[in-house]
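For reference, structure.cif is printed below; it contains mmCIF, C-alpha atoms.
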data_final
#
loop_
_atom_site.label_atom_id
_atom_site.label_comp_id
_atom_site.auth_asym_id
_atom_site.auth_seq_id
_atom_site.Cartn_x
_atom_site.Cartn_y
_atom_site.Cartn_z
CA MET R 2 90.77 1.15 59.30
CA ARG R 3 91.71 -2.41 58.39
CA ILE R 4 94.99 -3.24 56.69
CA LEU R 5 95.94 -6.65 55.34
CA GLY R 6 99.69 -7.22 55.38
CA ILE R 7 101.05 -9.91 53.07
CA ASP R 8 104.49 -11.52 53.18
CA PRO R 9 104.72 -13.11 49.71
CA GLY R 10 106.11 -16.55 49.07
CA LEU R 11 105.36 -19.35 46.64
CA GLN R 12 105.46 -22.08 49.27
CA ARG R 13 104.20 -20.02 52.24
CA THR R 14 102.49 -16.65 52.09
CA GLY R 15 101.94 -15.02 55.45
CA TYR R 16 99.04 -12.68 56.02
CA GLY R 17 97.91 -10.51 58.90
CA LEU R 18 94.82 -8.33 59.19
CA VAL R 19 95.17 -5.44 61.63
CA GLU R 20 92.60 -2.84 62.60
CA GLY R 21 93.51 0.60 63.88
CA SER R 22 91.85 1.80 67.06
CA PRO R 23 92.39 4.74 69.45
CA GLY R 24 94.12 2.41 71.94
CA GLY R 25 96.46 0.93 69.37
CA PRO R 26 96.30 -1.73 66.68
CA ILE R 27 94.17 -4.83 67.08
CA LEU R 28 94.91 -8.19 65.48
CA VAL R 29 91.85 -9.38 63.57
CA GLU R 30 93.24 -12.48 61.85
CA ALA R 31 96.56 -13.95 60.75
CA GLY R 32 97.79 -17.08 59.11
CA VAL R 33 99.74 -18.71 56.33
CA ILE R 34 98.55 -19.86 52.92
CA GLN R 35 100.60 -22.88 51.84
CA THR R 36 100.82 -24.28 48.35
CA ASP R 37 101.59 -27.85 47.39
CA ILE R 38 105.23 -28.02 46.25
CA ARG R 39 104.44 -31.07 44.08
CA ARG R 40 102.13 -29.05 41.84
CA SER R 41 103.01 -26.89 38.83
CA LEU R 42 103.75 -23.19 39.15
CA ALA R 43 100.41 -22.32 37.53
CA ASP R 44 98.50 -24.58 39.94
CA ARG R 45 100.34 -23.15 42.95
CA LEU R 46 99.61 -19.59 41.86
CA HIS R 47 95.95 -20.58 41.47
CA GLU R 48 95.96 -22.05 45.02
CA LEU R 49 97.47 -18.83 46.34
CA HIS R 50 94.93 -16.69 44.48
CA ALA R 51 92.02 -18.74 45.82
CA GLY R 52 93.33 -18.49 49.38
CA LEU R 53 93.94 -14.76 49.16
CA THR R 54 90.56 -14.10 47.57
CA GLY R 55 88.94 -15.76 50.58
CA VAL R 56 91.03 -13.81 53.09
CA VAL R 57 90.27 -10.50 51.37
CA ALA R 58 86.54 -11.27 51.06
CA GLN R 59 86.20 -12.26 54.73
CA GLY R 60 88.50 -9.61 56.18
CA ARG R 61 87.33 -6.69 54.05
CA PRO R 62 90.56 -4.67 54.33
CA GLU R 63 90.71 -1.06 53.17
CA ALA R 64 94.25 -1.57 51.89
CA VAL R 65 96.79 -4.32 51.30
CA ALA R 66 100.40 -3.83 52.39
CA LEU R 67 102.70 -6.02 50.33
CA GLU R 68 106.42 -6.59 50.77
CA ASP R 69 108.04 -5.01 47.74
CA VAL R 70 109.90 -7.37 45.44
CA PHE R 71 113.65 -7.15 45.68
CA ALA R 72 116.23 -8.93 43.56
CA HIS R 73 119.50 -10.41 44.70
CA PRO R 74 122.00 -10.67 41.84
CA ARG R 75 122.99 -14.19 42.87
CA PHE R 76 119.38 -15.43 42.83
CA PRO R 77 117.61 -13.97 39.77
CA ARG R 78 115.15 -16.88 39.51
CA THR R 79 113.83 -16.11 43.00
CA ALA R 80 113.00 -12.55 41.93
CA ILE R 81 111.15 -13.88 38.87
CA VAL R 82 109.08 -16.30 40.96
CA MET R 83 108.37 -13.57 43.50
CA GLY R 84 107.17 -11.37 40.64
CA HIS R 85 104.61 -14.05 39.77
CA VAL R 86 103.51 -14.31 43.40
CA CYS R 87 103.22 -10.54 43.84
CA GLY R 88 101.25 -10.33 40.59
CA VAL R 89 98.72 -12.82 41.95
CA ILE R 90 98.47 -10.88 45.21
CA CYS R 91 97.92 -7.61 43.33
CA LEU R 92 95.30 -9.30 41.15
CA ALA R 93 93.36 -10.60 44.18
CA ALA R 94 93.41 -7.13 45.73
CA ALA R 95 92.42 -5.40 42.48
CA GLN R 96 89.52 -7.80 41.95
CA ALA R 97 88.21 -6.77 45.37
CA GLY R 98 88.82 -3.07 44.68
CA VAL R 99 91.46 -2.81 47.43
CA PRO R 100 94.52 -0.59 46.87
CA VAL R 101 98.00 -2.08 47.34
CA ASP R 102 100.96 -0.42 49.04
CA ALA R 103 104.32 -2.01 48.17
CA ILE R 104 106.76 -1.43 51.04
CA PRO R 105 110.47 -2.33 50.90
CA PRO R 106 111.58 -4.81 53.59
CA ALA R 107 114.23 -2.44 54.99
CA SER R 108 111.59 0.29 55.44
CA VAL R 109 109.42 -2.10 57.45
CA LYS R 110 112.33 -3.13 59.67
CA ARG R 111 113.35 0.49 60.15
CA ALA R 112 109.81 1.50 61.15
CA VAL R 113 109.14 -1.45 63.45
CA VAL R 114 112.56 -2.12 65.01
CA ALA R 115 114.42 1.15 64.24
CA SER R 116 117.01 -0.65 62.12
CA GLY R 117 116.81 -1.55 58.45
CA ARG R 118 119.10 -4.50 59.16
CA ALA R 119 116.98 -5.99 61.94
CA GLY R 120 116.70 -9.76 62.07
CA LYS R 121 113.56 -11.87 61.82
CA ARG R 122 113.57 -12.52 65.58
CA GLN R 123 113.62 -8.79 66.36
CA VAL R 124 110.66 -8.18 64.06
CA GLN R 125 108.75 -11.05 65.68
CA ARG R 126 109.33 -9.69 69.18
CA MET R 127 108.28 -6.16 68.27
CA VAL R 128 105.13 -7.37 66.50
CA ARG R 129 104.32 -9.42 69.59
CA LEU R 130 104.75 -6.33 71.79
CA LEU R 131 102.75 -4.00 69.56
CA LEU R 132 99.82 -6.40 69.22
CA GLU R 133 100.05 -7.80 72.77
CA LEU R 134 100.30 -11.38 71.53
CA ALA R 135 100.82 -14.28 73.93
CA GLU R 136 103.79 -15.56 71.91
CA ASP R 137 105.96 -14.61 68.96
CA PRO R 138 104.20 -15.26 65.66
CA GLY R 139 105.96 -17.33 63.01
CA THR R 140 108.28 -15.45 60.67
CA HIS R 141 105.85 -15.25 57.73
CA VAL R 142 102.99 -14.03 59.92
CA ALA R 143 105.26 -11.60 61.81
CA ASP R 144 106.48 -10.08 58.54
CA ALA R 145 102.90 -9.74 57.29
CA LEU R 146 101.76 -8.13 60.54
CA ALA R 147 104.74 -5.76 60.50
CA LEU R 148 103.76 -4.69 56.97
CA ALA R 149 100.19 -4.06 58.12
CA LEU R 150 101.40 -2.04 61.12
CA VAL R 151 103.65 0.12 58.95
CA ALA R 152 100.84 0.75 56.46
CA LEU R 153 98.55 1.67 59.35
CA SER R 154 101.25 4.01 60.64
CA ARG R 155 101.57 5.65 57.23
CA ARG R 156 97.86 6.41 57.44
CA GLY R 157 98.20 8.45 60.61
CA LEU R 158 98.93 6.20 63.58
CA PRO R 159 102.71 6.35 64.12
CA LEU R 160 104.47 3.32 65.53
CA GLY R 161 106.14 5.50 68.18
CA ARG R 162 102.69 6.38 69.50
CA LEU R 163 101.79 2.70 69.51
CA LEU R 164 104.81 1.96 71.67
CA ALA R 165 103.93 4.81 74.05
CA VAL R 166 100.35 3.58 74.34
CA ARG R 167 101.49 -0.01 74.99
CA GLY R 168 104.14 1.11 77.48
CA SER R 169 101.66 3.08 79.59
CA ALA R 170 99.07 0.31 79.75
#

Whole structure, structure tokens version:
Amino acid sequence: MRILGIDPGLQRTGYGLVEGSPGGPILVEAGVIQTDIRRSLADRLHELHAGLTGVVAQGRPEAVALEDVFAHPRFPRTAIVMGHVCGVICLAAAQAGVPVDAIPPASVKRAVVASGRAGKRQVQRMVRLLLELAEDPGTHVADALALALVALSRRGLPLGRLLAVRGSA
């Protein structure tokens, strides 16, 4: 099973495609889609959609794991912009016939690091361990990969088992 994790952002959207296997998860592809900050919101959303459409078409995921939108009372505009971004991500997935799982950030941190208050660095290190990467991925890619790992786990491959498999290798 292939899961595409997406860490949404208007300027930088991280993505990570992970495939489940009996020996643990395998990284297929990961990266960041960047939009031009000098362009209009509509143009940037179009750039993001085009980039995601390509990633979905090439990667052929069976599901997309998307960080659920959360709102901070002091930054309501951010939540509105993130709603636009998540809408574009959902559209790209729907156009490809791929279901979307929205997962709250604290749930991802809890599943990957065992603490809903884990920091970005902790998530990066655990993603590196689980996927046997040579170095820590950037924060946007790490968050996307963590989302993909959690979605994979929710489909029958628990993260605890992944750690046991990695620890015995």

> Expressed in Å to a single decimal, how great is the separation between CA of Asp69 (chain R) and CA of Gly10 (chain R)?
Replying inline: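 Interatomic distance, CA of Asp69 (chain R) to CA of Gly10 (chain R): 11.8 Å.
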
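Closest approach to Asp102 (chain R) among R:Ala152, R:Met2, R:Leu134, R:Ala145 is made by R:Ala152 (distances from all atoms listed in the file).
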
> Which residue, R:Ala58, R:Glu136, R:Arg75, R:His141, has the smallest gap to Gln35 (chain R) when you use only C-alpha atoms?
Replying inline: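 Closest to Gln35 (chain R), using only C-alpha atoms: R:His141.
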
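Distance-wise, CA of Pro106 (chain R) and CA of Gln59 (chain R) end up 26.5 Å apart.
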
> Hey, which of R:Asp137, R:Glu63, R:Glu68, R:Asp37 ends up closest to Val86 (chain R)? Count all atoms listed in the file.
Replying inline: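 Closest residue, counting all atoms listed in the file: R:Glu68.
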
Could you list, as a short mmCIF file (atom, residue, chain, number, x, y, z; two decimals) with C-alpha atoms, keeping the file's coordinate frame, every residue matched by the PyMOL selection byres ((chain R and resi 61) around 10) in this structure?
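Result file is selection_35.cif:
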data_model
loop_
_atom_site.label_atom_id
_atom_site.label_comp_id
_atom_site.auth_asym_id
_atom_site.auth_seq_id
_atom_site.Cartn_x
_atom_site.Cartn_y
_atom_site.Cartn_z
CA ARG R 3 91.71 -2.41 58.39
CA ILE R 4 94.99 -3.24 56.69
CA LEU R 5 95.94 -6.65 55.34
CA LEU R 18 94.82 -8.33 59.19
CA GLY R 55 88.94 -15.76 50.58
CA VAL R 56 91.03 -13.81 53.09
CA VAL R 57 90.27 -10.50 51.37
CA ALA R 58 86.54 -11.27 51.06
CA GLN R 59 86.20 -12.26 54.73
CA GLY R 60 88.50 -9.61 56.18
CA PRO R 62 90.56 -4.67 54.33
CA GLU R 63 90.71 -1.06 53.17
CA ALA R 64 94.25 -1.57 51.89
CA ALA R 97 88.21 -6.77 45.37
CA VAL R 99 91.46 -2.81 47.43
#
